[in-house]
Every structure is written in C-alpha cells, then in structure tokens.
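**Q** Provided herewith: coords-v7.cif, mmCIF, C-alpha atoms and all ligand atoms.
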data_query
loop_
_atom_site.label_atom_id
_atom_site.label_comp_id
_atom_site.auth_asym_id
_atom_site.auth_seq_id
_atom_site.Cartn_x
_atom_site.Cartn_y
_atom_site.Cartn_z
CA MET V 30 -7.62 -26.50 -12.76
CA SER V 31 -4.39 -25.91 -14.61
CA ASP V 32 -3.37 -22.65 -12.91
CA ALA V 33 -3.67 -24.35 -9.51
CA LEU V 34 -0.82 -26.62 -10.53
CA GLU V 35 1.48 -23.68 -10.98
CA LEU V 36 3.37 -22.01 -8.21
CA VAL V 37 1.17 -19.49 -6.39
CA ASP V 38 3.60 -16.78 -5.42
CA LEU V 39 2.17 -14.64 -2.62
CA ARG V 40 5.52 -13.51 -1.18
CA SER V 41 5.02 -9.96 -2.41
CA ASP V 42 3.31 -7.86 -5.04
CA THR V 43 6.83 -7.09 -6.26
CA VAL V 44 7.01 -10.50 -7.99
CA THR V 45 4.64 -9.54 -10.80
CA ARG V 46 5.96 -9.75 -14.35
CA PRO V 47 5.17 -7.24 -17.09
CA SER V 48 2.36 -8.38 -19.36
CA ALA V 49 2.82 -8.64 -23.13
CA ALA V 50 0.94 -5.35 -23.61
CA MET V 51 3.09 -3.59 -21.02
CA ARG V 52 6.25 -4.94 -22.66
CA LYS V 53 5.05 -3.65 -26.02
CA ALA V 54 4.41 -0.20 -24.57
CA MET V 55 7.92 -0.28 -23.12
CA ALA V 56 9.50 -1.41 -26.38
CA ASP V 57 7.67 1.30 -28.34
CA ALA V 58 8.39 4.16 -25.94
CA PRO V 59 10.11 7.27 -27.30
CA VAL V 60 13.27 7.82 -25.27
CA GLY V 61 16.12 10.27 -24.79
CA ASP V 62 18.85 10.95 -22.26
CA ASP V 63 17.09 11.67 -18.98
CA VAL V 64 20.19 13.22 -17.40
CA TYR V 65 19.80 15.90 -20.08
CA ARG V 66 16.06 15.88 -19.17
CA GLU V 67 15.39 14.81 -22.75
CA ASP V 68 13.48 11.60 -22.23
CA PRO V 69 9.91 12.41 -23.28
CA THR V 70 8.44 9.32 -21.62
CA VAL V 71 10.12 10.02 -18.28
CA ASN V 72 9.02 13.65 -18.51
CA LEU V 73 5.46 12.56 -19.21
CA LEU V 74 5.44 10.15 -16.29
CA GLN V 75 6.84 12.77 -13.93
CA GLU V 76 4.21 15.31 -14.99
CA ARG V 77 1.48 12.72 -14.64
CA VAL V 78 2.58 11.67 -11.16
CA ALA V 79 2.97 15.26 -9.98
CA ALA V 80 -0.58 15.99 -11.16
CA LEU V 81 -1.99 12.84 -9.55
CA LEU V 82 -0.34 13.71 -6.24
CA GLY V 83 -1.17 17.42 -6.45
CA LYS V 84 2.50 18.39 -6.23
CA GLU V 85 4.55 20.84 -8.29
CA ALA V 86 6.99 18.24 -9.52
CA ALA V 87 7.96 14.57 -9.44
CA LEU V 88 11.11 12.57 -10.14
CA PHE V 89 11.44 9.04 -11.52
CA VAL V 90 13.76 6.88 -9.40
CA PRO V 91 14.84 3.23 -9.63
CA SER V 92 13.25 1.94 -6.42
CA GLY V 93 11.01 2.72 -3.48
CA THR V 94 13.99 2.60 -1.19
CA MET V 95 15.75 5.22 -3.23
CA GLY V 96 12.57 7.31 -3.30
CA ASN V 97 12.24 7.25 0.47
CA GLN V 98 15.91 7.79 1.09
CA LEU V 99 16.24 10.67 -1.36
CA CYS V 100 13.29 12.36 0.32
CA LEU V 101 14.81 11.90 3.77
CA ARG V 102 18.24 13.05 2.56
CA THR V 103 16.79 16.12 0.91
CA LEU V 104 14.63 17.11 3.89
CA THR V 105 17.35 16.75 6.54
CA ARG V 106 20.94 17.32 7.57
CA PRO V 107 23.09 14.72 9.39
CA GLY V 108 22.17 14.28 13.04
CA ASP V 109 18.49 15.07 12.47
CA GLU V 110 15.75 12.86 13.80
CA VAL V 111 12.98 11.18 11.88
CA ILE V 112 9.86 10.20 13.81
CA ALA V 113 8.24 7.02 12.49
CA GLN V 114 5.99 4.23 13.65
CA GLU V 115 8.02 1.32 15.01
CA ASP V 116 7.20 -1.03 12.12
CA ALA V 117 8.11 1.48 9.41
CA HIS V 118 9.62 0.17 6.19
CA ILE V 119 12.37 2.83 6.37
CA LEU V 120 13.45 1.29 9.67
CA HIS V 121 13.19 -2.43 8.95
CA TYR V 122 13.74 -3.01 5.26
CA GLU V 123 16.01 -0.34 3.84
CA GLY V 124 19.34 -1.67 5.05
CA GLY V 125 19.89 1.00 7.68
CA SER V 126 20.23 3.54 4.89
CA ALA V 127 18.77 6.50 6.79
CA ALA V 128 21.77 6.18 9.12
CA ALA V 129 24.29 5.05 6.53
CA LEU V 130 23.49 7.58 3.80
CA SER V 131 21.99 10.56 5.62
CA GLY V 132 23.31 10.33 9.19
CA LEU V 133 19.79 10.22 10.59
CA GLN V 134 18.42 8.64 13.71
CA ILE V 135 14.92 7.25 13.60
CA ARG V 136 12.90 7.54 16.78
CA THR V 137 9.82 5.37 16.95
CA ILE V 138 6.23 5.65 18.09
CA PRO V 139 4.61 2.29 19.00
CA GLY V 140 1.29 3.15 17.35
CA VAL V 141 -1.50 0.70 16.64
CA LEU V 142 -1.69 -1.03 13.25
CA GLY V 143 0.98 1.29 11.91
CA LEU V 144 -0.93 4.45 12.77
CA PHE V 145 -0.36 7.06 15.45
CA ASP V 146 -1.89 10.26 16.77
CA PRO V 147 -0.92 13.92 16.83
CA GLU V 148 -0.29 13.62 20.58
CA ASP V 149 2.32 10.96 19.85
CA VAL V 150 4.13 13.48 17.67
CA ALA V 151 3.85 16.12 20.39
CA GLY V 152 5.39 13.63 22.81
CA MET V 153 8.47 13.26 20.61
CA LEU V 154 9.36 16.95 20.46
CA ARG V 155 12.59 18.04 22.13
CA PRO V 156 13.69 21.30 23.66
CA GLN V 157 16.20 23.35 21.71
CA GLY V 158 19.77 23.18 22.89
CA GLU V 159 23.12 21.63 22.24
CA HIS V 160 22.20 18.31 23.84
CA PHE V 161 19.43 17.54 21.46
CA ALA V 162 19.04 16.20 17.98
CA ARG V 163 16.90 18.37 15.76
CA VAL V 164 13.55 16.63 15.33
CA ARG V 165 12.91 17.24 11.66
CA VAL V 166 10.65 14.73 9.87
CA VAL V 167 7.46 12.86 10.71
CA GLU V 168 7.04 9.82 8.47
CA MET V 169 3.77 8.04 7.69
CA GLU V 170 3.42 4.84 5.63
CA ASN V 171 0.20 4.38 3.68
CA THR V 172 -0.66 1.58 3.24
CA HIS V 173 1.37 0.18 6.08
CA ASN V 174 3.29 -2.88 4.97
CA ARG V 175 4.43 -4.57 8.19
CA CYS V 176 1.06 -3.90 9.83
CA GLY V 177 -0.89 -5.74 7.14
CA GLY V 178 -1.58 -3.17 4.44
CA THR V 179 -3.56 -0.92 6.75
CA ILE V 180 -4.81 2.42 5.49
CA TRP V 181 -4.25 5.76 7.20
CA PRO V 182 -7.67 7.43 7.53
CA LEU V 183 -7.42 10.83 5.86
CA ASP V 184 -8.55 12.82 8.90
CA ARG V 185 -5.93 11.15 11.06
CA MET V 186 -3.21 11.98 8.56
CA GLN V 187 -4.43 15.55 8.50
CA GLU V 188 -4.26 15.80 12.28
CA VAL V 189 -0.77 14.33 12.45
CA ALA V 190 0.46 16.61 9.66
CA ALA V 191 -1.08 19.66 11.33
CA MET V 192 0.67 18.85 14.60
CA ALA V 193 3.99 18.27 12.83
CA ARG V 194 3.75 21.50 10.86
CA ALA V 195 2.66 23.50 13.89
CA HIS V 196 6.03 22.58 15.40
CA GLY V 197 8.06 23.33 12.30
CA LEU V 198 8.52 19.71 11.26
CA VAL V 199 8.18 18.37 7.74
CA VAL V 200 6.21 15.28 6.73
CA HIS V 201 7.28 12.42 4.49
CA LEU V 202 4.76 9.93 3.13
CA ASP V 203 5.97 6.47 2.14
CA GLY V 204 3.25 5.80 -0.40
CA ALA V 205 4.73 2.69 -2.00
CA ARG V 206 1.16 1.34 -1.95
CA LEU V 207 -0.74 4.63 -1.86
CA TRP V 208 -2.66 3.39 -4.93
CA ASN V 209 -4.06 0.55 -2.84
CA ALA V 210 -5.10 2.96 -0.09
CA SER V 211 -6.79 5.23 -2.60
CA VAL V 212 -8.67 2.47 -4.44
CA ALA V 213 -9.83 0.85 -1.19
CA SER V 214 -10.89 4.06 0.57
CA GLY V 215 -12.04 6.19 -2.37
CA THR V 216 -9.78 8.99 -1.09
CA SER V 217 -7.78 10.65 -3.85
CA LEU V 218 -4.02 10.31 -4.01
CA ALA V 219 -3.75 14.10 -3.88
CA ALA V 220 -5.85 14.32 -0.71
CA TYR V 221 -3.43 11.97 1.04
CA ALA V 222 -0.37 13.67 -0.44
CA ALA V 223 -1.53 17.11 0.66
CA ASN V 224 -0.50 16.07 4.17
CA ALA V 225 3.11 15.55 3.18
CA ASP V 226 5.99 17.69 1.99
CA SER V 227 7.51 14.73 0.20
CA VAL V 228 5.88 11.59 -1.13
CA SER V 229 7.27 8.41 -2.65
CA VAL V 230 5.16 6.00 -4.70
CA CYS V 231 6.03 2.71 -6.42
CA PHE V 232 5.04 1.33 -9.81
CA SER V 233 6.78 -1.97 -9.20
CA LYS V 234 4.40 -3.36 -6.56
CA GLY V 235 0.67 -3.88 -7.12
CA LEU V 236 0.73 -1.83 -10.33
CA GLY V 237 2.82 -4.52 -11.97
CA ALA V 238 5.58 -2.50 -13.63
CA PRO V 239 8.97 -4.22 -13.59
CA VAL V 240 10.96 -1.29 -12.20
CA GLY V 241 10.49 2.16 -10.82
CA SER V 242 9.18 4.57 -8.25
CA ALA V 243 8.72 8.31 -8.06
CA LEU V 244 9.09 11.00 -5.46
CA ALA V 245 7.13 14.23 -5.48
CA GLY V 246 7.06 17.58 -3.74
CA SER V 247 7.64 21.26 -4.41
CA ARG V 248 9.69 22.26 -7.46
CA ASP V 249 12.65 23.31 -5.28
CA PHE V 250 12.51 20.11 -3.27
CA VAL V 251 12.45 17.92 -6.39
CA GLU V 252 15.31 19.91 -7.95
CA GLU V 253 17.44 19.26 -4.89
CA ALA V 254 16.38 15.61 -4.78
CA ARG V 255 17.47 15.38 -8.43
CA GLY V 256 20.98 16.42 -7.43
CA ASN V 257 20.98 13.83 -4.67
CA ARG V 258 19.70 11.18 -7.08
CA LYS V 259 22.77 11.81 -9.23
CA ARG V 260 25.00 11.49 -6.16
CA TYR V 261 23.32 8.21 -5.23
CA GLY V 262 23.90 6.85 -8.72
CA GLY V 263 20.19 6.77 -9.48
CA ALA V 264 20.18 9.04 -12.56
CA MET V 265 19.40 6.84 -15.54
CA ARG V 266 19.73 7.55 -19.26
CA GLN V 267 17.07 6.16 -21.67
CA ALA V 268 14.85 5.42 -18.70
CA GLY V 269 11.73 6.01 -20.79
CA ILE V 270 11.73 2.27 -21.49
CA LEU V 271 10.99 1.82 -17.78
CA ALA V 272 8.77 4.87 -17.40
CA ALA V 273 6.57 3.49 -20.18
CA GLY V 274 5.86 0.44 -18.02
CA ALA V 275 4.84 2.76 -15.21
CA LEU V 276 2.59 4.81 -17.51
CA TYR V 277 0.99 1.65 -18.80
CA ALA V 278 0.42 0.57 -15.19
CA LEU V 279 -1.25 3.88 -14.34
CA ASP V 280 -3.57 3.48 -17.31
CA HIS V 281 -4.49 -0.16 -16.80
CA ASN V 282 -3.65 -1.48 -13.37
CA VAL V 283 -4.93 0.96 -10.75
CA ASP V 284 -8.67 0.27 -10.58
CA ARG V 285 -8.11 -3.48 -10.71
CA LEU V 286 -6.32 -3.33 -7.34
CA ALA V 287 -9.83 -3.79 -5.91
CA GLU V 288 -9.63 -7.42 -7.13
CA ASP V 289 -6.44 -7.95 -5.15
CA HIS V 290 -8.16 -6.56 -2.08
CA GLU V 291 -11.09 -8.96 -2.52
CA ASN V 292 -8.66 -11.82 -2.97
CA ALA V 293 -6.91 -10.88 0.27
CA VAL V 294 -10.23 -10.98 2.11
CA THR V 295 -10.90 -14.42 0.60
CA LEU V 296 -7.51 -15.72 1.64
CA ALA V 297 -8.00 -14.40 5.17
CA ARG V 298 -11.33 -16.20 5.32
CA PHE V 299 -9.57 -19.50 4.62
CA LEU V 300 -6.79 -18.82 7.11
CA ARG V 301 -9.24 -17.99 9.89
CA GLU V 302 -10.54 -21.57 9.67
CA VAL V 303 -7.33 -22.70 11.36
CA PRO V 304 -7.98 -22.78 15.13
CA GLY V 305 -5.45 -20.65 17.02
CA LEU V 306 -4.31 -18.70 13.96
CA GLU V 307 -4.86 -14.98 14.29
CA ILE V 308 -5.10 -12.22 11.73
CA THR V 309 -4.62 -9.28 14.02
CA HIS V 310 -5.26 -6.55 11.48
CA PRO V 311 -8.33 -5.67 9.41
CA VAL V 312 -7.74 -6.88 5.85
CA GLN V 313 -8.18 -3.56 4.07
CA THR V 314 -5.96 -3.96 1.02
CA ASN V 315 -3.72 -6.68 -0.46
CA ILE V 316 -1.71 -7.92 2.53
CA VAL V 317 -2.64 -10.67 4.98
CA ILE V 318 -0.43 -11.33 7.99
CA ALA V 319 -1.14 -14.53 9.88
CA GLU V 320 0.09 -14.71 13.47
CA LEU V 321 1.11 -18.28 14.29
CA GLY V 322 2.16 -17.82 17.94
CA GLY V 323 -1.13 -19.14 19.32
CA LEU V 324 -0.92 -22.14 17.04
CA GLY V 325 2.47 -23.22 18.33
CA VAL V 326 3.91 -23.76 14.85
CA ASP V 327 7.16 -22.31 13.61
CA ALA V 328 6.85 -19.60 10.95
CA GLU V 329 9.92 -20.65 8.94
CA GLN V 330 8.82 -24.27 9.00
CA THR V 331 5.37 -23.24 7.79
CA ILE V 332 6.85 -21.27 4.91
CA ALA V 333 8.92 -24.31 3.87
CA ALA V 334 5.94 -26.67 4.15
CA LEU V 335 3.80 -24.35 2.03
CA GLN V 336 6.57 -24.05 -0.52
CA ALA V 337 6.66 -27.84 -0.81
CA ARG V 338 2.97 -27.58 -1.77
CA ARG V 339 3.75 -24.83 -4.32
CA VAL V 340 2.41 -21.91 -2.32
CA LEU V 341 4.91 -19.18 -1.55
CA CYS V 342 4.60 -16.68 1.29
CA GLY V 343 7.11 -14.74 3.38
CA LEU V 344 8.14 -14.15 6.96
CA ALA V 345 6.49 -11.09 8.51
CA LYS V 346 7.73 -11.04 12.11
CA ARG V 347 9.31 -13.91 14.04
CA THR V 348 6.02 -15.73 14.56
CA SER V 349 3.97 -14.47 11.62
CA ILE V 350 3.82 -15.01 7.88
CA ARG V 351 2.77 -12.64 5.12
CA PHE V 352 0.70 -13.23 1.99
CA VAL V 353 0.38 -10.49 -0.63
CA THR V 354 -2.17 -10.66 -3.44
CA HIS V 355 -1.42 -9.11 -6.82
CA LEU V 356 -2.32 -9.07 -10.49
CA ASP V 357 -0.47 -12.29 -11.29
CA VAL V 358 -2.61 -14.43 -8.98
CA SER V 359 -6.18 -15.28 -9.92
CA ARG V 360 -9.12 -15.82 -7.61
CA ARG V 361 -8.82 -19.56 -8.23
CA GLN V 362 -5.15 -19.55 -7.30
CA VAL V 363 -5.89 -17.64 -4.12
CA GLU V 364 -8.54 -20.19 -3.20
CA PHE V 365 -6.10 -22.98 -3.94
CA ALA V 366 -3.49 -21.29 -1.72
CA GLY V 367 -6.09 -20.87 1.01
CA GLU V 368 -7.02 -24.56 0.91
CA VAL V 369 -3.39 -25.62 0.98
CA ALA V 370 -2.60 -23.23 3.84
CA VAL V 371 -5.46 -24.62 5.95
CA GLN V 372 -4.28 -28.21 5.35
CA VAL V 373 -0.61 -27.43 6.01
CA LEU V 374 -1.21 -25.36 9.14
CA THR V 375 -3.74 -27.78 10.62
CA GLY V 376 -1.30 -30.61 9.98
CA LEU V 377 1.65 -28.80 11.56
CA ALA V 378 -0.42 -27.81 14.60
CA ALA V 379 -1.54 -31.39 15.13
CA ALA V 380 1.98 -32.84 14.79
N1 LIG X 1 8.63 -3.60 0.28
C1 LIG X 1 9.04 -4.95 -0.05
C2 LIG X 1 10.15 -5.42 0.89
O1 LIG X 1 11.12 -4.46 1.00
C3 LIG X 1 9.68 -5.76 2.27
C4 LIG X 1 7.84 -5.87 0.00
O2 LIG X 1 7.97 -7.00 -0.48
O3 LIG X 1 6.78 -5.46 0.51
N2 LIG X 1 8.09 1.27 1.15
C5 LIG X 1 7.25 0.25 1.40
C6 LIG X 1 6.06 0.48 2.25
C7 LIG X 1 7.50 -1.00 0.83
O4 LIG X 1 6.68 -2.01 1.11
C8 LIG X 1 8.63 -1.19 0.01
C9 LIG X 1 8.97 -2.54 -0.56
C10 LIG X 1 9.48 -0.08 -0.21
C11 LIG X 1 9.17 1.13 0.37
C12 LIG X 1 10.76 -0.20 -0.99
O5 LIG X 1 10.56 -0.44 -2.32
P1 LIG X 1 11.73 -1.10 -3.23
O6 LIG X 1 11.66 -2.57 -2.97
O7 LIG X 1 11.34 -0.71 -4.62
O8 LIG X 1 13.02 -0.50 -2.81
#
Please lay out the structure from this file as structure tokens.
**A**
Amino acid sequence: MSDALELVDLRSDTVTRPSAAMRKAMADAPVGDDVYREDPTVNLLQERVAALLGKEAALFVPSGTMGNQLCLRTLTRPGDEVIAQEDAHILHYEGGSAAALSGLQIRTIPGVLGLFDPEDVAGMLRPQGEHFARVRVVEMENTHNRCGGTIWPLDRMQEVAAMARAHGLVVHLDGARLWNASVASGTSLAAYAANADSVSVCFSKGLGAPVGSALAGSRDFVEEARGNRKRYGGAMRQAGILAAGALYALDHNVDRLAEDHENAVTLARFLREVPGLEITHPVQTNIVIAELGGLGVDAEQTIAALQARRVLCGLAKRTSIRFVTHLDVSRRQVEFAGEVAVQVLTGLAAA
C-alpha cells in the first residue's frame, strides 16, 4: 500500500501538519492587532475556549509550555512550592522554567500512572514559619504524557482539588491533551476544569493546529496572566491567522481523536506480541509506551533501527520508547508500524 512506504511518524502528535482546509481557514481569517485586543479571531477563540472549559476568560498563547508557565507564574511568588507527580511535564520537559522564570521549587509525589490521592497532597503540607517554603499549587496533568496518556478519573481529581482547596492551595491543570481525556472518558472539558483554578490546553497536539495553546481561569487571573504574557514576549499581533487554525481544529478534529485512541490500542496489540516487552500502562488515549528493560534491548538502538525501517518513535525513559498516534497516521500506517516494530524488536532481542 502506498502510504506504508512513507515515513510513519509516531514521535508525537505535535508533528501533524495543517490540512488544506485548515490552511484556507487560516488564510481567510479576519485579523487585527491582538495587543490592542482587536483581533476578532483571537477574541472568538478565547471566548470559545473559556466557554468550553467553564471559565470566565481564556488567553491565546504560543505554546503549551508558555501556557503552563504563565499559569504557574501568575498563581505564585518566588520561593513558592508546586506539588506535582514525579513524571510531570512541567518538571521534565519545560527546560527548568518553573525555577528559571518563576523561582519555584517543584516537590514531587511518586503516584501511580501519573495520578495521586488527596492523602498524598496532605502529606506534602508544611507548617507555617520562616523555615518553610509556602506550598502554593497542586498540579495535575490530564492526560498524563510520560505515564502513557493516562486519564485522571473525574472523582479522583475532585478529591485532590478538594483537599488542596481545604488547605488554601490552588490547582493548576496541564490539559495539553484534555481533549483526548474528554473524548475517551465522555467527561466534559468543563467538568475536569472545574477542579482547577488555572487550566492550559493545546491546539497543536492531537487537534492538528500548527501553533497555539490557551490558558483559562477567572477574569482577574487571566488579566494578570496577560500582563505576564507580554513580559514573556508571548503577546502576538495578527495572531488570528493562528487562532483560526485552532478554531478549525475545535470544529473538525475533536471527535475524531477516538480514531487515534483505537489506533493506539491496535499498535499496543502488535507490540505485546514481542516476548519480554511490557506496556505498563492501560492504553486509554493516543500514547503507547513500551518498556524494553525485560527484553534486554537498548532503547536508543531500537529507535535508530525503527527509523531505518521508516517508523519514527521517541525515547520515553531510559529503557522505554514512546509512540503517539495522531490525525496524520492512518490505521494502515499504524498496522505497518506495528508489524515493523515486532520484526525489529524480535530481531534485536535475538541478536
Ligand atoms: N509535550 C511534547 C514534548 O514536550 C514532550 C510531546 O511531544 O508530547 N504539557 C504536556 C502534557 C505536553 O505533553 C506538552 C508537550 C506540553 C505541555 C508543552 O507543549 P508545547 O510543546 O506546546 O510547549
């Protein structure tokens, strides 16, 4: 089949390219200067996202990292502590920015599959006094990237948020892939977001827009985040061109995430054929992490060998590799990648 001859890029759902229809919507978008708040397309997107998340306001930002970091900056003062699960994106993949830009320390909960319990939060509280950092934010990531796209069950989020709030803490939700959680679980975006004071979501991952994320919260919070966005150099001018891609994605690419989730299950089925390979998480959304430790093959070597066969994946942890399904890979391509992965891994294990 012709598409099987092409590169099957499963490194991330960030690699998607805007479709012709999305590009047209972007080209045709009415725009204005968003620093003057005069870009109608950005304004529309912000209103739409605020409504979807059940928040008073939202703000368009260039990236998920900036969304998370603006939320953290706006919720805290230097020296504060952020409580997060030990595999959190804000800790591993944002260049140390919580420390560099906001003077924060992140204290981690081990958790299981990226999730934790209200008692874990209680265990992180500190007495008041000059020795202690102020514990300020509890962060949840839904879906959880480094733990294989796992979904926070709504009731567990509610319990964690209730515990945090009972102790005067605020909650941030890294919802880069909240769309995936919502489509897979049937829980509304707003129901998840109700458990957070600040939320960030991305259009540039499974939704297939080329650029852009948003943060959301109360009107006052978003107003302050807007000032910080300017300071961080993230205030854009005729950004409606980009916001139009995000609006197009909201209209066309949310429900279809279910296909990506099915494709991830299919891929995992192939991978499980390899004796010794482990997928240690339930495949709930669009991420599959294969643990290679038991197989005795090197993760980097595996990635290179797969690349030579035109299948791209990424390193997850030292001994595991990550595959992410998305709208630019078809069922057939996923099956092709699965077949290749079985051959390559079986061959490496036997060598
Ligand atoms: N994740 C990227 C890489 O940074 C690892 C990926 O390929 O998955 N929160 C979560 C949960 C994310 O997965 C990401 C991106 C971000 C935030 C940051 O988004 P960007 O890349 O737009 O800064």
**Q** How far is it from atom CA of Ala213 of chain V to atom CA of Asp38 of chain V, in Å with one decimal?
**A**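 Computing it gives 22.6 Å between the two atoms.
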**Q** Give me, as a PyMOL selection string, the set of residues whose atoms come within 8 Å of any atom of ligand LIG 1 (chain X), counting all atoms listed in the file.
**A** chain V and resi 40-43+91-97+117-119+122-123+170-175+203-206+231+233-234+240-242
**Q** To one decimal in Å, tell me the separation between atom CA of Val111 of chain V and atom CA of Ser126 of chain V.
**A**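 Computing it gives 12.6 Å between the two atoms.
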**Q** From the list V:Ala245, V:Val353, V:Val78, V:Val166, which residue is nearest Phe232 of chain V when using only C-alpha atoms?
**A**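 Counting only C-alpha atoms, the residue closest to Phe232 of chain V is V:Val78.
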**Q** May I have the residues within 10 Å of segment 159-163 of chain V as JSON, numbers by chain, using all atoms listed in the file and disregarding those fewer than 3 positions away in the same chain?
**A** {"V": [105, 106, 107, 108, 109, 110, 111, 133, 134, 154, 155, 156, 166, 198]}
**Q** Add whatever atoms are absent from segment 176-190 of chain V to reach N, CA and C atoms, and provide the output as a PDB file, in the frame of the given file.
**A**
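Once everything was written out, this is result-v4.pdb:
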ATOM      1  N   CYS V 176       2.280  -3.798   9.017  1.00  0.00           N
ATOM      2  CA  CYS V 176       1.060  -3.900   9.830  1.00  0.00           C
ATOM      3  C   CYS V 176      -0.110  -4.400   9.000  1.00  0.00           C
ATOM      4  N   GLY V 177       0.170  -5.040   7.870  1.00  0.00           N
ATOM      5  CA  GLY V 177      -0.890  -5.740   7.140  1.00  0.00           C
ATOM      6  C   GLY V 177      -1.630  -4.886   6.123  1.00  0.00           C
ATOM      7  N   GLY V 178      -0.937  -3.942   5.514  1.00  0.00           N
ATOM      8  CA  GLY V 178      -1.580  -3.170   4.440  1.00  0.00           C
ATOM      9  C   GLY V 178      -2.673  -2.245   4.940  1.00  0.00           C
ATOM     10  N   THR V 179      -2.527  -1.797   6.178  1.00  0.00           N
ATOM     11  CA  THR V 179      -3.560  -0.920   6.750  1.00  0.00           C
ATOM     12  C   THR V 179      -3.489   0.483   6.149  1.00  0.00           C
ATOM     13  N   ILE V 180      -4.654   1.110   6.131  1.00  0.00           N
ATOM     14  CA  ILE V 180      -4.810   2.420   5.490  1.00  0.00           C
ATOM     15  C   ILE V 180      -4.839   3.503   6.580  1.00  0.00           C
ATOM     16  N   TRP V 181      -4.123   4.580   6.331  1.00  0.00           N
ATOM     17  CA  TRP V 181      -4.250   5.760   7.200  1.00  0.00           C
ATOM     18  C   TRP V 181      -5.563   6.471   6.858  1.00  0.00           C
ATOM     19  N   PRO V 182      -6.496   6.607   7.815  1.00  0.00           N
ATOM     20  CA  PRO V 182      -7.670   7.430   7.530  1.00  0.00           C
ATOM     21  C   PRO V 182      -7.216   8.872   7.244  1.00  0.00           C
ATOM     22  N   LEU V 183      -7.866   9.500   6.277  1.00  0.00           N
ATOM     23  CA  LEU V 183      -7.420  10.830   5.860  1.00  0.00           C
ATOM     24  C   LEU V 183      -7.416  11.829   7.014  1.00  0.00           C
ATOM     25  N   ASP V 184      -8.484  11.799   7.829  1.00  0.00           N
ATOM     26  CA  ASP V 184      -8.550  12.820   8.900  1.00  0.00           C
ATOM     27  C   ASP V 184      -7.417  12.630   9.910  1.00  0.00           C
ATOM     28  N   ARG V 185      -7.019  11.382  10.111  1.00  0.00           N
ATOM     29  CA  ARG V 185      -5.930  11.150  11.060  1.00  0.00           C
ATOM     30  C   ARG V 185      -4.598  11.642  10.480  1.00  0.00           C
ATOM     31  N   MET V 186      -4.417  11.433   9.208  1.00  0.00           N
ATOM     32  CA  MET V 186      -3.210  11.980   8.560  1.00  0.00           C
ATOM     33  C   MET V 186      -3.186  13.496   8.667  1.00  0.00           C
ATOM     34  N   GLN V 187      -4.357  14.086   8.451  1.00  0.00           N
ATOM     35  CA  GLN V 187      -4.430  15.550   8.500  1.00  0.00           C
ATOM     36  C   GLN V 187      -4.061  16.062   9.886  1.00  0.00           C
ATOM     37  N   GLU V 188      -4.542  15.355  10.905  1.00  0.00           N
ATOM     38  CA  GLU V 188      -4.260  15.800  12.280  1.00  0.00           C
ATOM     39  C   GLU V 188      -2.777  15.648  12.614  1.00  0.00           C
ATOM     40  N   VAL V 189      -2.213  14.548  12.191  1.00  0.00           N
ATOM     41  CA  VAL V 189      -0.770  14.330  12.450  1.00  0.00           C
ATOM     42  C   VAL V 189       0.053  15.389  11.718  1.00  0.00           C
ATOM     43  N   ALA V 190      -0.299  15.629  10.448  1.00  0.00           N
ATOM     44  CA  ALA V 190       0.460  16.610   9.660  1.00  0.00           C
ATOM     45  C   ALA V 190       0.322  18.005  10.273  1.00  0.00           C
TER      46      ALA V 190
END
